[in-house]
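Below: one structure, written as structure tokens.
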Amino acid sequence: MSLLPEPITTLTAALGKLPGIGPRSAERIALHLVQTEPGAVKQLAEALVTARERIRLCSVCGALTETDPCALCTDDRRDAALICVVEQPTDILSLEKSGSFKGRYHVLGGKISPLNGVGPEDLRIAELEKRMKTGSVREVIIALGTDVEGDATSYYLAKRFASDQVQVTQLAQGLSAGSGLEYADEVTLSRALEGRRELR
């Protein structure tokens with residue numbers, strides 16, 4: 001039987017569903033929140049609801065944005081002929097922190113994973129193909145994690161988009177095997193971008 005009142009237990013359970021927050025951290029945060037000034041808690045709740053309601057995915061690249069298309073897609077200083085393909089919108093943040101990439105992005109929304117029932121048709125591959133058919137794209141950089149699904153997705157994209165007009169490359173070594181972009185530091189990402197290689 002829990003010594004904590006039911007509302008705190010419910011709040012702890014909800015917080016525990018957030019990434020990176022274990023049971024002890026969730027309980028500490030819940031206890032902190034119920035002892036905090038009501039105005040501050042209300043402000044936090046409103047910020048959560050506002051962010052969830054106003055943030056959406058860019059219809060062009062799939063990045064998190066408040067305006068559509070996003071600032072990255074409408075920035076004329078970025079090279080539209082260079083598209084970096086990532087798994088999730090948060091991967092864009094990791095690459096942007098490196099300061100090395102000045103092209104555009106495309107978020108797939110996942111990786112091909114037959115065991116989990118995710119096929120090419122479940123990802124934003126058709127949207128990428130549509131962008132490439134404009135004729136202005138000269139290189140597609142595959143920047144997916146180096147796990148089995150990431151490798152399978154990379155090779156699928158390389159085969160699907162193989163042509164003389166568009167070069168398909170992959171980030172160079174430097175990313176740890178089996179990990180995603182969110183765990184890589186800025187220097188590692190910068191070097192991986194600079195040393196990318198063509199996928200065949």
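By convention here, the chains of the structure tokens are called A, B, ... in the order presented, each chain's residues are numbered starting at 1, and ligands are numbered starting at 1 in the order presented.
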Could you give me, as a VMD selection string, each residue of range 47-154 of chain A that DSSP assigns to helix (DSSP H, G or I) when run on this structure's backbone? chain A and resid 47 to 54 71 to 74 89 to 98 114 to 116 120 to 122 125 to 132 148 to 154
Please list as a list in words every residue within 6 Å of range 56-60 of chain A, counting only C-alpha atoms and excluding residues in the same chain fewer than 4 positions away.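 The contact residues come out as Leu64, Thr65, Asp68, Pro69 and Cys70 of chain A.
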Generate the output file for the selected residues, all heavy atoms, as an mmCIF file, in the first residue's frame.
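Ended up saving to result.cif:
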data_model
loop_
_atom_site.group_PDB
_atom_site.id
_atom_site.type_symbol
_atom_site.label_atom_id
_atom_site.label_comp_id
_atom_site.auth_asym_id
_atom_site.auth_seq_id
_atom_site.Cartn_x
_atom_site.Cartn_y
_atom_site.Cartn_z
ATOM 1 N N LEU A 64 10.033 19.838 -36.374
ATOM 2 C CA LEU A 64 9.116 20.459 -35.426
ATOM 3 C C LEU A 64 9.068 21.955 -35.719
ATOM 4 O O LEU A 64 10.112 22.600 -35.860
ATOM 5 C CB LEU A 64 9.592 20.228 -33.993
ATOM 6 C CG LEU A 64 9.606 18.778 -33.515
ATOM 7 C CD1 LEU A 64 10.293 18.675 -32.156
ATOM 8 C CD2 LEU A 64 8.210 18.206 -33.458
ATOM 9 N N THR A 65 7.869 22.502 -35.820
ATOM 10 C CA THR A 65 7.749 23.914 -36.172
ATOM 11 C C THR A 65 6.442 24.501 -35.667
ATOM 12 O O THR A 65 5.501 23.780 -35.365
ATOM 13 C CB THR A 65 7.834 24.096 -37.711
ATOM 14 O OG1 THR A 65 7.807 25.484 -38.029
ATOM 15 C CG2 THR A 65 6.681 23.401 -38.418
ATOM 16 N N ASP A 68 4.416 26.798 -40.932
ATOM 17 C CA ASP A 68 4.554 25.792 -41.973
ATOM 18 C C ASP A 68 4.581 26.461 -43.337
ATOM 19 O O ASP A 68 3.644 27.181 -43.674
ATOM 20 C CB ASP A 68 3.368 24.817 -41.887
ATOM 21 C CG ASP A 68 3.558 23.593 -42.753
ATOM 22 O OD1 ASP A 68 4.717 23.269 -43.071
ATOM 23 O OD2 ASP A 68 2.552 22.960 -43.114
ATOM 24 N N PRO A 69 5.640 26.278 -44.125
ATOM 25 C CA PRO A 69 6.824 25.465 -43.849
ATOM 26 C C PRO A 69 7.728 26.097 -42.792
ATOM 27 O O PRO A 69 7.596 27.273 -42.480
ATOM 28 C CB PRO A 69 7.525 25.381 -45.204
ATOM 29 C CG PRO A 69 6.993 26.502 -46.025
ATOM 30 C CD PRO A 69 5.639 26.833 -45.487
ATOM 31 N N CYS A 70 8.648 25.275 -42.277
ATOM 32 C CA CYS A 70 9.490 25.706 -41.156
ATOM 33 C C CYS A 70 10.582 26.692 -41.602
ATOM 34 O O CYS A 70 10.800 26.901 -42.797
ATOM 35 C CB CYS A 70 10.131 24.489 -40.488
ATOM 36 S SG CYS A 70 11.422 23.706 -41.483
#
Measuring between only C-alpha atoms, which one of A:Leu108, A:Glu149, A:Phe101, A:Gly39 shows the shortest distance to Leu82 in chain A?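 Closest candidate: A:Phe101.
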When you count only C-alpha atoms, which of these residues is closest to Lys102 in chain A: A:Arg124, A:Lys133, A:Arg54, A:Arg77?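 Of the candidates, the smallest distance to Lys102 in chain A is held by A:Arg77.
Going from CA of Thr90 in chain A to CA of Glu182 in chain A covers 7.5 Å.
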I need the residue nearest Thr169 in chain A from this list: A:Glu194, A:Glu129, A:Glu37, A:Glu66. Use only C-alpha atoms for the distance. A:Glu194
Neighbouring residues of Val107 in chain A were defined as those with any atom within 10 Å, considering only C-alpha atoms; residues of the same chain fewer than 4 positions away were excluded. Please report them as a PyMOL selection string. chain A and resi 57-58+60-64+84-92+123-125+127-128
Export all heavy atoms of the chosen residues as a short mmCIF file (atom, residue, chain, number, x, y, z; two decimals), in the first residue's frame?
data_model
loop_
_atom_site.label_atom_id
_atom_site.label_comp_id
_atom_site.auth_asym_id
_atom_site.auth_seq_id
_atom_site.Cartn_x
_atom_site.Cartn_y
_atom_site.Cartn_z
N LEU A 57 4.43 19.27 -37.28
CA LEU A 57 5.50 18.87 -38.18
C LEU A 57 5.43 19.68 -39.47
O LEU A 57 4.34 19.89 -40.02
CB LEU A 57 5.40 17.37 -38.51
CG LEU A 57 5.55 16.42 -37.33
CD1 LEU A 57 5.39 14.97 -37.81
CD2 LEU A 57 6.86 16.60 -36.61
N CYS A 58 6.58 20.11 -39.94
CA CYS A 58 6.66 20.84 -41.20
C CYS A 58 6.17 19.92 -42.32
O CYS A 58 6.57 18.76 -42.41
CB CYS A 58 8.11 21.27 -41.46
SG CYS A 58 8.39 22.01 -43.08
N VAL A 60 6.91 20.04 -45.36
CA VAL A 60 7.95 19.78 -46.35
C VAL A 60 8.98 18.79 -45.82
O VAL A 60 9.20 17.73 -46.39
CB VAL A 60 8.65 21.09 -46.78
CG1 VAL A 60 9.77 20.80 -47.78
CG2 VAL A 60 7.65 22.06 -47.37
N CYS A 61 9.62 19.14 -44.69
CA CYS A 61 10.73 18.32 -44.20
C CYS A 61 10.38 17.43 -43.01
O CYS A 61 11.09 16.47 -42.73
CB CYS A 61 11.94 19.19 -43.86
SG CYS A 61 11.73 20.18 -42.36
N GLY A 62 9.33 17.77 -42.27
CA GLY A 62 8.96 16.96 -41.11
C GLY A 62 9.56 17.44 -39.81
O GLY A 62 9.43 16.77 -38.78
N ALA A 63 10.21 18.60 -39.81
CA ALA A 63 10.79 19.15 -38.58
C ALA A 63 9.71 19.70 -37.66
O ALA A 63 8.60 20.01 -38.11
CB ALA A 63 11.78 20.26 -38.92
N LEU A 64 10.03 19.84 -36.37
CA LEU A 64 9.12 20.46 -35.43
C LEU A 64 9.07 21.96 -35.72
O LEU A 64 10.11 22.60 -35.86
CB LEU A 64 9.59 20.23 -33.99
CG LEU A 64 9.61 18.78 -33.51
CD1 LEU A 64 10.29 18.67 -32.16
CD2 LEU A 64 8.21 18.21 -33.46
N CYS A 84 19.59 16.21 -46.09
CA CYS A 84 20.06 15.27 -45.08
C CYS A 84 18.83 14.53 -44.53
O CYS A 84 17.91 15.14 -43.98
CB CYS A 84 20.78 16.01 -43.96
SG CYS A 84 21.49 14.92 -42.72
N VAL A 85 18.82 13.21 -44.66
CA VAL A 85 17.70 12.38 -44.23
C VAL A 85 17.97 11.85 -42.82
O VAL A 85 18.99 11.22 -42.57
CB VAL A 85 17.49 11.19 -45.20
CG1 VAL A 85 16.34 10.31 -44.72
CG2 VAL A 85 17.22 11.70 -46.60
N VAL A 86 17.04 12.15 -41.91
CA VAL A 86 17.17 11.72 -40.51
C VAL A 86 15.94 10.92 -40.11
O VAL A 86 14.92 10.92 -40.80
CB VAL A 86 17.37 12.92 -39.55
CG1 VAL A 86 18.68 13.64 -39.85
CG2 VAL A 86 16.19 13.89 -39.63
N GLU A 87 16.05 10.24 -38.97
CA GLU A 87 14.94 9.40 -38.51
C GLU A 87 13.84 10.20 -37.85
O GLU A 87 12.66 10.05 -38.18
CB GLU A 87 15.48 8.35 -37.53
CG GLU A 87 14.41 7.41 -37.02
CD GLU A 87 14.91 6.46 -35.95
OE1 GLU A 87 16.14 6.36 -35.75
OE2 GLU A 87 14.06 5.82 -35.31
N GLN A 88 14.20 11.08 -36.90
CA GLN A 88 13.21 11.82 -36.11
C GLN A 88 13.51 13.32 -36.15
O GLN A 88 14.64 13.73 -36.39
CB GLN A 88 13.23 11.34 -34.65
CG GLN A 88 12.87 9.87 -34.48
CD GLN A 88 11.45 9.53 -34.88
OE1 GLN A 88 10.60 10.41 -35.00
NE2 GLN A 88 11.17 8.26 -35.11
N PRO A 89 12.50 14.16 -35.88
CA PRO A 89 12.72 15.62 -35.87
C PRO A 89 13.81 16.05 -34.89
O PRO A 89 14.53 17.01 -35.16
CB PRO A 89 11.36 16.18 -35.44
CG PRO A 89 10.37 15.14 -35.82
CD PRO A 89 11.08 13.82 -35.65
N THR A 90 13.96 15.33 -33.78
CA THR A 90 14.98 15.70 -32.79
C THR A 90 16.40 15.51 -33.33
O THR A 90 17.33 16.15 -32.85
CB THR A 90 14.80 14.87 -31.50
OG1 THR A 90 14.70 13.48 -31.85
CG2 THR A 90 13.55 15.28 -30.76
N ASP A 91 16.57 14.65 -34.35
CA ASP A 91 17.89 14.46 -34.95
C ASP A 91 18.37 15.72 -35.65
O ASP A 91 19.57 15.98 -35.74
CB ASP A 91 17.87 13.29 -35.95
CG ASP A 91 17.60 11.96 -35.26
OD1 ASP A 91 17.96 11.81 -34.08
OD2 ASP A 91 17.02 11.07 -35.92
N ILE A 92 17.43 16.53 -36.13
CA ILE A 92 17.78 17.79 -36.77
C ILE A 92 18.47 18.71 -35.76
O ILE A 92 19.46 19.37 -36.07
CB ILE A 92 16.53 18.49 -37.37
CG1 ILE A 92 15.98 17.66 -38.53
CG2 ILE A 92 16.85 19.92 -37.81
CD1 ILE A 92 14.69 18.18 -39.12
N LEU A 123 6.85 5.09 -43.79
CA LEU A 123 7.77 6.21 -43.57
C LEU A 123 7.52 7.30 -44.61
O LEU A 123 6.77 7.11 -45.56
CB LEU A 123 9.22 5.71 -43.65
CG LEU A 123 9.57 4.55 -42.73
CD1 LEU A 123 11.01 4.11 -42.95
CD2 LEU A 123 9.35 4.93 -41.27
N ARG A 124 8.16 8.45 -44.43
CA ARG A 124 7.98 9.59 -45.33
C ARG A 124 8.93 9.52 -46.53
O ARG A 124 9.59 10.47 -46.90
CB ARG A 124 8.17 10.89 -44.55
CG ARG A 124 7.14 11.09 -43.45
CD ARG A 124 7.30 12.42 -42.72
NE ARG A 124 6.98 13.53 -43.62
CZ ARG A 124 7.87 14.40 -44.08
NH1 ARG A 124 9.14 14.32 -43.74
NH2 ARG A 124 7.51 15.38 -44.88
N ILE A 125 8.99 8.32 -47.14
CA ILE A 125 9.89 8.10 -48.28
C ILE A 125 9.27 8.67 -49.56
O ILE A 125 9.97 9.26 -50.38
CB ILE A 125 10.22 6.60 -48.43
CG1 ILE A 125 11.02 6.14 -47.20
CG2 ILE A 125 11.02 6.35 -49.70
CD1 ILE A 125 11.29 4.65 -47.13
N GLU A 127 7.37 11.22 -49.80
CA GLU A 127 7.54 12.69 -49.75
C GLU A 127 8.96 13.08 -50.15
O GLU A 127 9.16 14.09 -50.83
CB GLU A 127 7.23 13.21 -48.34
CG GLU A 127 5.77 13.14 -47.95
CD GLU A 127 5.35 11.81 -47.35
OE1 GLU A 127 6.08 10.81 -47.53
OE2 GLU A 127 4.29 11.75 -46.72
N LEU A 128 9.94 12.27 -49.75
CA LEU A 128 11.33 12.53 -50.13
C LEU A 128 11.49 12.36 -51.64
O LEU A 128 12.14 13.19 -52.31
CB LEU A 128 12.27 11.57 -49.39
CG LEU A 128 13.75 11.63 -49.76
CD1 LEU A 128 14.33 13.03 -49.54
CD2 LEU A 128 14.54 10.59 -48.96
#
So that I can see what lies close to range 7-19 of chain A, please list as a PyMOL selection string the residues with an atom at most 9 Å from it, counting only C-alpha atoms and leaving out residues fewer than 3 positions away in the same chain. chain A and resi 2+4+22-31+34
